[in-house]
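Peer 1: Quick one: structure below, then a few questions.
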Protein chains: 2
Amino acid sequence: MADTDRAKLEAALKAQGELVRRLKAEKSSKEKVDAEVSKLLSLKEKLGLDDGKQKFVLKTPKGTRDYGPKQMAIRERVFGIIVEAFKRHGAETIDTPVFELKETLTGKYGEDSKLIYDLEDQGGELLALRYDLTVPFARYLAMNKISNCKRYHIAKVYRRDNPAMTRGRYREFYQCDFDIAGVYDAMIPDAECLKIVHEILTGLQLGDFLIKVNDRRLLDGVFAACGVPSDKFRATCSAVDKLDKLPWEAVHEELVGEKGLTQEMANSIAEYVCLHGGRDVIARLQADERLVGNSGEMQDEQKSARAGLADLDLLFKYLEIMDISTQVQFDLSLARGLDYYTGAIFEATLLAPENAVRQDDGSAPSGVGSVAGGGRYDGLVGMFDAKGRRVPCVGVSIGIERIFSILEQRSEGQSVRTTETQVLVASAQKGLFDERLRLLKELWAAGIKAETSYRISPKLLSQLQQAEQSGIPLVALLGTEELAAGTVRLRTVATRQEVEIPREKIVEVISKS
Amino acid sequence: MADTDRAKLEAALKAQGELVRRLKAEKSSKEKVDAEVSKLLSLKEKLGLDDGKQKFVLKTPKGTRDYGPKQMAIRERVFGIIVEAFKRHGAETIDTPVFELKETLTGKYGEDSKLIYDLEDQGGELLALRYDLTVPFARYLAMNKISNCKRYHIAKVYRRDNPAMTRGRYREFYQCDFDIAGVYDAMIPDAECLKIVHEILTGLQLGDFLIKVNDRRLLDGVFAACGVPSDKFRATCSAVDKLDKLPWEAVHEELVGEKGLTQEMANSIAEYVCLHGGRDVIARLQADERLVGNSGEMQDEQKSARAGLADLDLLFKYLEIMDISTQVQFDLSLARGLDYYTGAIFEATLLAPENAVRQDDGSAPSGVGSVAGGGRYDGLVGMFDAKGRRVPCVGVSIGIERIFSILEQRSEGQSVRTTETQVLVASAQKGLFDERLRLLKELWAAGIKAETSYRISPKLLSQLQQAEQSGIPLVALLGTEELAAGTVRLRTVATRQEVEIPREKIVEVISKS
């Protein structure tokens with residue numbers, strides 16, 4: 001063997017040896033880094049406990065926030081209005097865990113699946129945080145073999161999306177869902193969903209709004225009528241869905257460029273998706289033979305489109321009876337992103353200019369976009385059921401974070417009460433803490449919301465300030481003179497008027513005030 | 001070069017080549033498996049949509065559960081009582097995200113840190129689900145530089161513990177926390193925490209209960225008096241903490257065996273931890289020179305023990321003023337697991353035998369144990385603060401899941417209303433759906449909770465059954481005769497009595513009933 005051969009072989013051996021070392025190192029580096037980080041953290045911690053200095057980044061995770069007392073007061077008022085509407089329509093409520101088995105969420109959200117938060121595999125089941133409340137609801141129905149149910153569910157959901165917090169787009173956010181599951185006559189539950197959205201948006205006093213409706217079957221019929229092959233329906237639908245954010249030209253380009261439609265197809269689609277209105281537009285489409293065929297000859301998509309149009313017409317009839325049809329518009333450009341819709345779809349938008357909100361980057365304000373959306377999903381429960389048993393469902397979700405954003409910005413600079421305390425028990429002199437506690441005990445026993453200073457001998461002025469700052473309407477003032485006389489002074493904070501009341505009557509007087 | 005050399009070199013080269021291939025394969029296998037699984041799932045899904053067969057394990061994650069409408073009705077009643085008590089004491093409410101930066105939770109829970117749920121590293125921050133509401137509260141105070149606050153927080157927390165679901169031990173469970181932060185006079189906020197626990201347990205009508213109190217400083221004093229070296233205080237404390245589940249002999253063995261105490265130390269501790277009672281026991285300990293020293297000479301632990309006893313005595317004085325001292329017991333065996341307590345600690349237990357609940361394994365029922373616990377933690381906020389600024393805190397957490405377990409088991413076989421519907425709008429003949437909808441619209445506008453069948457022409461009997469099964473008290477019955485006469489029949493479901501009411505008066509009559 002020549003030296004060069006030998007050198008080549010040895011070089012190859014050396015190179016491979018290097019590769020082995022590198023791969024081994026890569027393999028164990030994660031473990032090493034983990035161990036090192038954990039060592040450092042524990043060292044950091046020990047040092048921290050000794051010197052009491054900050055060792056932590058003080059923040060909430062990206063895309064999340066704390067709700068302080070003022071935000072919570074706004075949130076509770078909003079939830080109150082929403083829950084009342086749900087209960088007015090006879091809904092029960094349920095709750096599901098914040099995480100689900102990972103496979104429960106698989107294959108439900110199309111492209112958006114990448115936004116799901118996975119839990120670390122710490123041994124045991126693979127889990128992921130819920131992405132919405134609809135899929136857990138379908139899992140709940142299938143698991144418990146429930147074939148009809150009208151429920152609301154208010155809970156947080158999680159999406160690893162790009163946050164835009166001033167416009168109310170968070171990674172952790174509330175959804176308020178109302179759904180009706182069961183085999184019922186056409187469009188009755190669907191109409192009730194729209195009625196509820198109407199009641200809630202009216203009740204929240206957010207100004208003018210518009211609810212757009214469409215039907216997935218009709219959209220498919222339009223695509224078929226425009227010559228789009230059926231395997232491109234979903235892709236076409238998701239491009240059309242962008243029409244609320246992009247001009248037609250951009251969507252046209254996407255349809256022809258990315259999605260591979262012809263110019264003719266895209267132009268035909270344009271003629272349809274600009275249509276919007278009421279029953280007149282529905283009637284016009286019902287006479288469009290390209291879309292619905294004729295009685296002699298009908299393709300599947302034409303049958304579906306015909307069924308969609310008939311249902312939409314029935315829906316509008318019910319909306320007219322309930323006097324809400326003027327705020328509802330049939331809009332052929334409404335597509336909705338999620339895969340699981342099978343029939344009617346809807347989306348509500350605020351119109352009033354006062355609802356424009358700041359941008360994250362400080363640029364000009366824009367609308368908050370959709371504040372509610374939903375639709376019919378007749379196939380989702382069947383995906384979970386052992387026998388493929390179908391439970392038709394329709395529901396709506398209130399996009400509560402956007403509504404909070406508007407109300408929070410409106411409340412800026414305004415004082416919002418964060419407690420419900422009715423009376424502050426105060427003392428004019430030192431040494432009266434036990435007397436204060438005795439009166440408090442009686443007030444609490446009578447169900448009166450009452451507080452006192454946590455100081456043994458607070459200054460009178462600071463107690464009165466506490467009442468004013470917290471918006472507590474009454475102060476029950478104990479003093480040595482009044483104690484001797486067997487009375488309490490009751491002060492109305494707003495007017496600064498005081499009346500002297502017998503000690504044994506004070507609880508009753510406050511109760512009635 | 002000899003052939004054997006060459007053969008050896010080539011063999012080595014081959015072996016290394018093999019190793020490289022294996023390591024490379026290992027490295028990419030995870031990705032391949034992931035890709036394969038995802039392909040299979042999507043295939044499965046497509047097939048599933050075609051044949052509608054079950055492709056999923058239908059369950060909630062281990063240690064979690066859904067709350068159905070009946071459980072939710074119970075839960076809402078319980079939360080209502082608890083929130084009312086918190087508000088009666090002037091608390092605000094806040095909310096924090098369900099996950100925190102991992103480092104926020106690091107070093108707060110001692111041994112229990114292994115029970116924390118981590119989120120998968122999907123790029124970006126390392127996150128973990130909250131383990132309790134106390135650490136997020138301390139983080140919130142430090143982050144927002146809040147130096148006083150009285151807040152409640154009701155939310156779910158997460159622990160990868162061994163679940164025992166029939167006894168109310170879950171991996172996802174609610175905590176109801178009330179905390180007072182701020183520099184105040186001794187034991188006033190502490191006494192209010194106990195008063196709130198007392199009000200809530202009384203309000204929930206769970207039967208007799210006992211609130212045990214102790215003080216961490218006093219426990220340390222006891223250990224010092226028994227000769228335990230100070231570096232073994234925490235370990236000794238966590239052994240003593242097991243006294244509510246284990247007999248003294250087992251704890252003694254752990255102290256001597258695992259923790260390395262002498263027989264004498266363990267025996268001395270036994271003399272102390274069997275002590276319980278009221279102010280008499282406190283007074284006896286205040287005279288125990290081994291524990292509190294004498295005025296001439298005091299060690300640090302003796303000073304602390306003295307301060308702890310003085311505070312406990314003051315606490316009992318306040319409890320006596322509020323008439324709740326008979327259900328509170330000073331108990332030197334109470335230790336509490338968590339590291340962060342610095343002063344008073346407390347724990348409430350149900351005593352009534354009717355609260356015994358089933359075991360998971362079907363064996364004899366046992367008590368539900370602690371239903372509330374808390375204490376003073378003056379150092380936790382400082383751990384988060386850049387300047388180590390201390391914000392003293394005291395708080396209590398209601399162990400709501402155990403309370404749910406008891407109330408759920410009590411409600412078994414009983415009917416619990418899950419909606420608040422006041423009236424069902426029904427029709428006696430076919431073809432009256434539009435009339436029903438018109439009446440419903442008016443009822444909803446008047447704020448009346450009303451429902452109707454989602455069928456166009458339902459049978460009268462099935463409508464009446466719906467009302468009875470859902471516990472709806474009234475049925476407004478539309479019929480062709482009544483329509484002609486301009487009336488509606490109003491049926492009281494419980495008595496089956498019917499009255500005829502003019503159509504224009506019906507909303508008003510239902511409003512007032």
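Going by the structure tokens order, chains are called A, B, ..., each with residues numbered from 1, while ligands are numbered from 1 in the order shown.
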Can you tell me, as a list in words, what residues are no more than 10 Å from Thr480 of chain B when counting only C-alpha atoms, ignoring any on the same chain fewer than 3 positions away?
Peer 2: Ser427, Ala428, Gln429, Lys430, Gly431, Leu432, Leu483, Ala484, Ala485, Gly486, Thr487 and Val488 of chain B
Peer 1: Please return, as a short mmCIF file (atom, residue, chain, number, x, y, z; two decimals) with N, CA, C and O atoms, in the first residue's frame, all residues of chain B lying within 6 Å of chain A when only C-alpha atoms are considered.
Peer 2:
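For reference, result.cif as written:
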data_model
loop_
_atom_site.label_atom_id
_atom_site.label_comp_id
_atom_site.auth_asym_id
_atom_site.auth_seq_id
_atom_site.Cartn_x
_atom_site.Cartn_y
_atom_site.Cartn_z
N MET B 1 3.07 -1.33 4.35
CA MET B 1 1.97 -1.57 5.30
C MET B 1 1.45 -3.00 5.14
O MET B 1 1.14 -3.48 4.05
N LEU B 13 -12.49 1.80 9.81
CA LEU B 13 -13.17 2.78 8.98
C LEU B 13 -14.63 2.38 8.77
O LEU B 13 -15.56 3.20 8.86
N VAL B 20 -21.39 6.48 12.17
CA VAL B 20 -21.87 7.75 11.60
C VAL B 20 -23.29 7.60 11.09
O VAL B 20 -24.16 8.42 11.38
N GLY B 52 -66.44 7.79 8.37
CA GLY B 52 -67.04 8.28 9.61
C GLY B 52 -66.75 7.42 10.82
O GLY B 52 -67.46 7.49 11.82
N LYS B 53 -65.70 6.60 10.79
CA LYS B 53 -65.38 5.78 11.97
C LYS B 53 -64.53 6.57 12.97
O LYS B 53 -63.84 7.51 12.60
N GLN B 54 -64.53 6.10 14.23
CA GLN B 54 -63.76 6.78 15.27
C GLN B 54 -62.26 6.60 15.07
O GLN B 54 -61.78 5.50 14.87
N LEU B 58 -61.34 8.85 22.99
CA LEU B 58 -62.25 9.87 23.49
C LEU B 58 -62.13 9.99 24.99
O LEU B 58 -62.81 9.29 25.74
N PRO B 61 -57.61 14.54 29.35
CA PRO B 61 -56.30 14.15 29.87
C PRO B 61 -56.37 13.63 31.31
O PRO B 61 -57.27 13.99 32.07
N ASP B 66 -64.37 17.04 32.43
CA ASP B 66 -65.34 18.03 31.98
C ASP B 66 -66.29 18.32 33.13
O ASP B 66 -66.55 17.45 33.96
N TYR B 67 -66.81 19.53 33.16
CA TYR B 67 -67.94 19.84 34.03
C TYR B 67 -69.18 19.90 33.17
O TYR B 67 -69.27 20.76 32.29
N GLY B 68 -70.11 18.98 33.39
CA GLY B 68 -71.39 19.04 32.69
C GLY B 68 -72.28 20.11 33.31
O GLY B 68 -71.91 20.73 34.32
N PRO B 69 -73.44 20.34 32.70
CA PRO B 69 -74.34 21.39 33.18
C PRO B 69 -74.69 21.28 34.67
O PRO B 69 -74.76 22.28 35.37
N ARG B 88 -67.74 41.14 50.32
CA ARG B 88 -68.21 41.69 51.59
C ARG B 88 -67.05 42.27 52.37
O ARG B 88 -67.20 43.17 53.18
N HIS B 89 -65.85 41.74 52.13
CA HIS B 89 -64.67 42.23 52.82
C HIS B 89 -63.87 43.20 51.95
O HIS B 89 -62.70 43.48 52.23
N GLY B 90 -64.51 43.72 50.91
CA GLY B 90 -63.90 44.81 50.15
C GLY B 90 -62.80 44.42 49.18
O GLY B 90 -61.98 45.26 48.80
N GLU B 92 -60.95 43.49 45.66
CA GLU B 92 -60.98 43.63 44.22
C GLU B 92 -60.67 42.25 43.64
O GLU B 92 -60.32 41.33 44.36
N THR B 93 -60.72 42.13 42.31
CA THR B 93 -60.25 40.88 41.73
C THR B 93 -59.28 41.17 40.59
O THR B 93 -59.33 42.24 39.98
N ILE B 94 -58.34 40.25 40.35
CA ILE B 94 -57.41 40.38 39.24
C ILE B 94 -57.37 39.04 38.52
O ILE B 94 -57.91 38.04 38.99
N ASP B 95 -56.73 39.02 37.35
CA ASP B 95 -56.49 37.75 36.68
C ASP B 95 -55.09 37.79 36.07
O ASP B 95 -54.61 38.85 35.67
N THR B 96 -54.45 36.65 36.01
CA THR B 96 -53.10 36.55 35.44
C THR B 96 -53.13 35.42 34.39
O THR B 96 -54.06 34.62 34.40
N LEU B 101 -43.51 32.76 32.70
CA LEU B 101 -42.15 32.41 32.32
C LEU B 101 -41.68 31.35 33.31
O LEU B 101 -41.93 31.46 34.51
N ASP B 118 -44.52 21.87 32.17
CA ASP B 118 -43.79 22.74 31.26
C ASP B 118 -44.44 22.73 29.89
O ASP B 118 -44.96 21.70 29.46
N LEU B 119 -44.37 23.87 29.19
CA LEU B 119 -44.79 23.89 27.79
C LEU B 119 -43.61 23.50 26.94
O LEU B 119 -42.45 23.71 27.31
N GLU B 120 -43.90 22.93 25.77
CA GLU B 120 -42.83 22.54 24.87
C GLU B 120 -42.13 23.79 24.35
O GLU B 120 -42.75 24.82 24.15
N MET B 143 -44.03 43.47 39.77
CA MET B 143 -43.95 44.00 38.41
C MET B 143 -44.62 45.36 38.31
O MET B 143 -44.15 46.25 37.61
N TYR B 184 -49.15 46.70 57.56
CA TYR B 184 -50.27 47.05 58.42
C TYR B 184 -49.96 46.65 59.86
O TYR B 184 -48.94 46.01 60.11
N ASP B 185 -50.87 46.98 60.78
CA ASP B 185 -50.63 46.59 62.16
C ASP B 185 -50.87 45.09 62.34
O ASP B 185 -51.67 44.48 61.62
N ILE B 188 -54.14 42.08 62.09
CA ILE B 188 -55.47 42.52 61.65
C ILE B 188 -55.84 41.85 60.33
O ILE B 188 -56.92 41.24 60.23
N MET B 322 -64.74 38.79 67.23
CA MET B 322 -65.61 38.45 66.08
C MET B 322 -66.41 37.18 66.30
O MET B 322 -67.07 36.69 65.38
N PHE B 384 -38.99 38.97 43.90
CA PHE B 384 -39.19 39.43 42.53
C PHE B 384 -38.77 40.88 42.33
O PHE B 384 -38.72 41.35 41.21
N ASP B 385 -38.54 41.59 43.44
CA ASP B 385 -38.35 43.02 43.30
C ASP B 385 -36.88 43.37 43.09
O ASP B 385 -35.99 42.83 43.75
N ALA B 386 -36.63 44.29 42.16
CA ALA B 386 -35.27 44.68 41.79
C ALA B 386 -34.50 45.20 43.00
O ALA B 386 -33.31 44.96 43.14
N LYS B 387 -35.19 45.89 43.88
CA LYS B 387 -34.52 46.46 45.06
C LYS B 387 -34.77 45.62 46.31
O LYS B 387 -34.51 46.07 47.42
N GLY B 388 -35.32 44.43 46.12
CA GLY B 388 -35.60 43.57 47.26
C GLY B 388 -36.64 44.15 48.20
O GLY B 388 -36.77 43.71 49.34
N THR B 418 -80.48 23.30 35.43
CA THR B 418 -79.26 23.76 34.77
C THR B 418 -79.52 24.97 33.87
O THR B 418 -78.60 25.50 33.27
N THR B 419 -80.78 25.37 33.74
CA THR B 419 -81.09 26.60 33.01
C THR B 419 -81.97 27.46 33.91
O THR B 419 -82.43 27.01 34.96
N THR B 421 -84.62 29.17 32.46
CA THR B 421 -85.75 29.49 31.59
C THR B 421 -87.05 29.62 32.39
O THR B 421 -87.39 28.75 33.19
N LYS B 441 -89.91 36.89 20.65
CA LYS B 441 -89.23 38.17 20.44
C LYS B 441 -89.66 39.18 21.50
O LYS B 441 -88.82 39.87 22.10
N LYS B 449 -86.59 35.09 30.29
CA LYS B 449 -85.87 33.94 29.77
C LYS B 449 -86.88 32.96 29.17
O LYS B 449 -87.70 32.41 29.89
N ALA B 450 -86.81 32.77 27.86
CA ALA B 450 -87.85 32.01 27.17
C ALA B 450 -87.27 31.13 26.09
O ALA B 450 -86.28 31.46 25.46
N TYR B 454 -87.40 23.68 18.69
CA TYR B 454 -86.76 24.00 17.41
C TYR B 454 -87.41 23.24 16.25
O TYR B 454 -86.80 23.07 15.21
N ARG B 455 -88.62 22.75 16.47
CA ARG B 455 -89.37 22.08 15.41
C ARG B 455 -90.46 23.03 14.93
O ARG B 455 -91.07 23.74 15.73
#
Peer 1: Can you pull out the residues contacting Gly373 of chain A? Cut-off 9 Å, using only C-alpha atoms, and skip same-chain residues under 2 positions away; I want them as a compact mmCIF listing (two decimals) with C-alpha atoms, in the first residue's frame.
Peer 2:
# COMPACT_ATOMS: atom_id res chain seq x y z
CA VAL A 197 -75.33 38.26 18.61
CA ILE A 211 -73.89 40.96 10.72
CA ARG A 336 -64.66 32.25 7.14
CA ILE A 345 -71.70 31.17 8.22
CA PHE A 346 -71.81 34.60 9.84
CA GLU A 347 -69.60 37.38 11.11
CA ALA A 348 -70.39 40.64 12.92
CA SER A 370 -64.89 41.15 13.42
CA VAL A 371 -66.35 40.99 16.95
CA GLY A 375 -71.66 29.07 11.55
CA GLY A 395 -72.89 28.24 17.04
CA VAL A 396 -71.41 31.66 17.49
CA SER A 397 -68.37 32.97 19.29
CA ILE A 398 -68.15 36.50 20.68
CA GLY A 399 -64.68 38.01 20.15
Peer 1: Would you please extract all alpha helix (DSSP H) residues from segment 90-320 of chain A, as assigned by DSSP on the backbone, and give them as a PyMOL selection string?
Peer 2: chain A and resi 102-105+134-143+188-203+216-225+233-240+248-256+263-273+279-286+289-292+300-320
Peer 1: Any chance you could export the current selection's C-alpha atoms as a tab-separated table (two decimals), in the first residue's frame?
Peer 2:
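Produced file out-v2.tsv, reproduced below:
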chain	number	residue	atom	x	y	z
A	102	LYS	CA	-52.93	16.30	21.25
A	103	GLU	CA	-54.69	13.97	18.85
A	104	THR	CA	-58.07	15.49	19.74
A	105	LEU	CA	-56.92	18.74	18.13
A	134	THR	CA	-65.69	24.31	19.47
A	135	VAL	CA	-63.51	21.22	19.10
A	136	PRO	CA	-63.60	20.46	22.87
A	137	PHE	CA	-67.40	20.87	22.69
A	138	ALA	CA	-67.61	18.36	19.82
A	139	ARG	CA	-65.33	15.97	21.76
A	140	TYR	CA	-67.56	16.41	24.84
A	141	LEU	CA	-70.74	15.62	22.87
A	142	ALA	CA	-69.23	12.53	21.21
A	143	MET	CA	-67.61	11.25	24.42
A	188	ILE	CA	-84.39	27.86	13.54
A	189	PRO	CA	-81.24	27.43	15.71
A	190	ASP	CA	-79.22	29.42	13.15
A	191	ALA	CA	-81.65	32.34	13.43
A	192	GLU	CA	-81.46	32.22	17.23
A	193	CYS	CA	-77.65	32.47	17.09
A	194	LEU	CA	-77.94	35.67	15.05
A	195	LYS	CA	-80.57	37.01	17.42
A	196	ILE	CA	-78.21	36.46	20.35
A	197	VAL	CA	-75.33	38.26	18.61
A	198	HIS	CA	-77.74	41.12	17.90
A	199	GLU	CA	-78.89	41.28	21.52
A	200	ILE	CA	-75.34	41.22	22.88
A	201	LEU	CA	-73.91	43.86	20.56
A	202	THR	CA	-76.94	46.05	21.25
A	203	GLY	CA	-76.66	45.48	25.01
A	216	ARG	CA	-70.63	27.37	2.50
A	217	ARG	CA	-72.75	25.31	0.09
A	218	LEU	CA	-73.55	28.44	-1.91
A	219	LEU	CA	-69.87	29.39	-2.08
A	220	ASP	CA	-69.03	25.93	-3.43
A	221	GLY	CA	-71.85	26.35	-5.96
A	222	VAL	CA	-70.39	29.68	-7.06
A	223	PHE	CA	-66.93	28.16	-7.49
A	224	ALA	CA	-68.43	25.29	-9.52
A	225	ALA	CA	-70.44	27.71	-11.66
A	233	PHE	CA	-62.73	24.80	-3.60
A	234	ARG	CA	-61.07	25.05	-0.15
A	235	ALA	CA	-58.04	26.93	-1.50
A	236	THR	CA	-60.29	29.31	-3.42
A	237	CYS	CA	-62.43	29.77	-0.30
A	238	SER	CA	-59.45	30.70	1.85
A	239	ALA	CA	-58.31	33.27	-0.76
A	240	VAL	CA	-61.80	34.80	-0.92
A	248	TRP	CA	-60.05	42.38	-4.97
A	249	GLU	CA	-56.93	42.84	-7.13
A	250	ALA	CA	-54.75	41.14	-4.50
A	251	VAL	CA	-57.20	38.26	-4.10
A	252	HIS	CA	-57.45	37.94	-7.89
A	253	GLU	CA	-53.68	37.68	-8.08
A	254	GLU	CA	-53.62	35.00	-5.39
A	255	LEU	CA	-56.37	33.02	-7.15
A	256	VAL	CA	-54.58	33.07	-10.48
A	263	GLN	CA	-58.30	34.53	-15.51
A	264	GLU	CA	-61.87	33.65	-16.61
A	265	MET	CA	-62.57	31.75	-13.41
A	266	ALA	CA	-61.29	34.61	-11.26
A	267	ASN	CA	-63.31	37.16	-13.25
A	268	SER	CA	-66.47	35.10	-12.90
A	269	ILE	CA	-65.89	34.78	-9.14
A	270	ALA	CA	-65.51	38.58	-8.95
A	271	GLU	CA	-68.99	39.02	-10.40
A	272	TYR	CA	-70.46	36.88	-7.64
A	273	VAL	CA	-68.51	37.92	-4.56
A	279	ARG	CA	-83.81	38.55	0.10
A	280	ASP	CA	-83.82	40.39	-3.26
A	281	VAL	CA	-80.24	39.24	-3.96
A	282	ILE	CA	-81.12	35.72	-2.82
A	283	ALA	CA	-84.06	35.71	-5.23
A	284	ARG	CA	-81.85	36.92	-8.08
A	285	LEU	CA	-79.41	34.07	-7.45
A	286	GLN	CA	-82.26	31.56	-7.24
A	289	GLU	CA	-79.28	28.86	-13.94
A	290	ARG	CA	-75.51	28.71	-14.09
A	291	LEU	CA	-75.53	28.59	-10.28
A	292	VAL	CA	-78.60	26.48	-9.47
A	300	ASP	CA	-74.43	18.14	-7.09
A	301	GLU	CA	-73.03	21.63	-6.52
A	302	GLN	CA	-76.12	23.15	-8.11
A	303	LYS	CA	-78.35	21.14	-5.76
A	304	SER	CA	-76.26	22.34	-2.81
A	305	ALA	CA	-76.34	25.95	-3.95
A	306	ARG	CA	-80.11	25.68	-4.34
A	307	ALA	CA	-80.42	24.25	-0.80
A	308	GLY	CA	-78.13	26.98	0.57
A	309	LEU	CA	-80.20	29.71	-1.06
A	310	ALA	CA	-83.47	28.24	0.21
A	311	ASP	CA	-82.05	28.09	3.74
A	312	LEU	CA	-80.74	31.66	3.55
A	313	ASP	CA	-84.17	32.84	2.40
A	314	LEU	CA	-85.80	31.04	5.33
A	315	LEU	CA	-83.22	32.54	7.69
A	316	PHE	CA	-84.08	36.04	6.50
A	317	LYS	CA	-87.77	35.34	6.97
A	318	TYR	CA	-87.11	34.47	10.64
A	319	LEU	CA	-84.87	37.51	11.07
A	320	GLU	CA	-87.69	39.70	9.69
Peer 1: Just the number, please: distance in Å from atom CA of Asp215 of chain A to atom CA of Val328 of chain A, one decimal.
Peer 2: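 Here the two named atoms are 13.8 Å from each other.
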Peer 1: Based on the backbone DSSP call, show me all residues of segment 397-495 of chain B assigned strand (DSSP E or B), as a list in words.
Peer 2: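 Of segment 397-495 of chain B, only Ser397, Ile398, Val423, Leu424, Val425, Ala426, Ser427, Ala450, Glu451, Thr452, Leu474, Val475, Ala476, Leu477, Leu478, Thr487, Val488, Arg489, Leu490, Arg491 and Thr492 of chain B fall in strand (DSSP E or B).
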Peer 1: May I have the residues from that selection written out with C-alpha atoms, as a short mmCIF file (atom, residue, chain, number, x, y, z; two decimals), in the first residue's frame?
Peer 2:
data_model
loop_
_atom_site.label_atom_id
_atom_site.label_comp_id
_atom_site.auth_asym_id
_atom_site.auth_seq_id
_atom_site.Cartn_x
_atom_site.Cartn_y
_atom_site.Cartn_z
CA SER B 397 -56.91 29.61 49.56
CA ILE B 398 -60.21 27.74 49.51
CA VAL B 423 -91.38 30.12 30.10
CA LEU B 424 -91.67 27.71 27.19
CA VAL B 425 -93.62 29.04 24.21
CA ALA B 426 -95.60 26.11 22.81
CA SER B 427 -98.23 25.56 20.17
CA ALA B 450 -87.85 32.01 27.17
CA GLU B 451 -87.49 29.04 24.85
CA THR B 452 -89.47 27.21 22.21
CA LEU B 474 -94.58 28.19 32.78
CA VAL B 475 -95.85 27.26 29.31
CA ALA B 476 -97.37 29.92 27.03
CA LEU B 477 -99.64 27.94 24.76
CA LEU B 478 -100.67 29.25 21.35
CA THR B 487 -105.59 35.22 23.70
CA VAL B 488 -102.83 32.92 24.96
CA ARG B 489 -103.23 30.10 27.49
CA LEU B 490 -100.72 30.31 30.32
CA ARG B 491 -100.08 26.95 31.97
CA THR B 492 -98.40 26.50 35.35
#
Peer 1: I'd like the interatomic distance between atom CA of Ile82 of chain B and atom CA of Leu407 of chain B, to a tenth of an Å.
Peer 2: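 Separation between atom CA of Ile82 of chain B and atom CA of Leu407 of chain B: 14.6 Å.
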Peer 1: Could you tell me how far atom CA of Ile324 of chain A sits from atom CA of Phe209 of chain A, in Å to one decimal place?
Peer 2: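 Rounded to one decimal, the two atoms are 11.5 Å apart.
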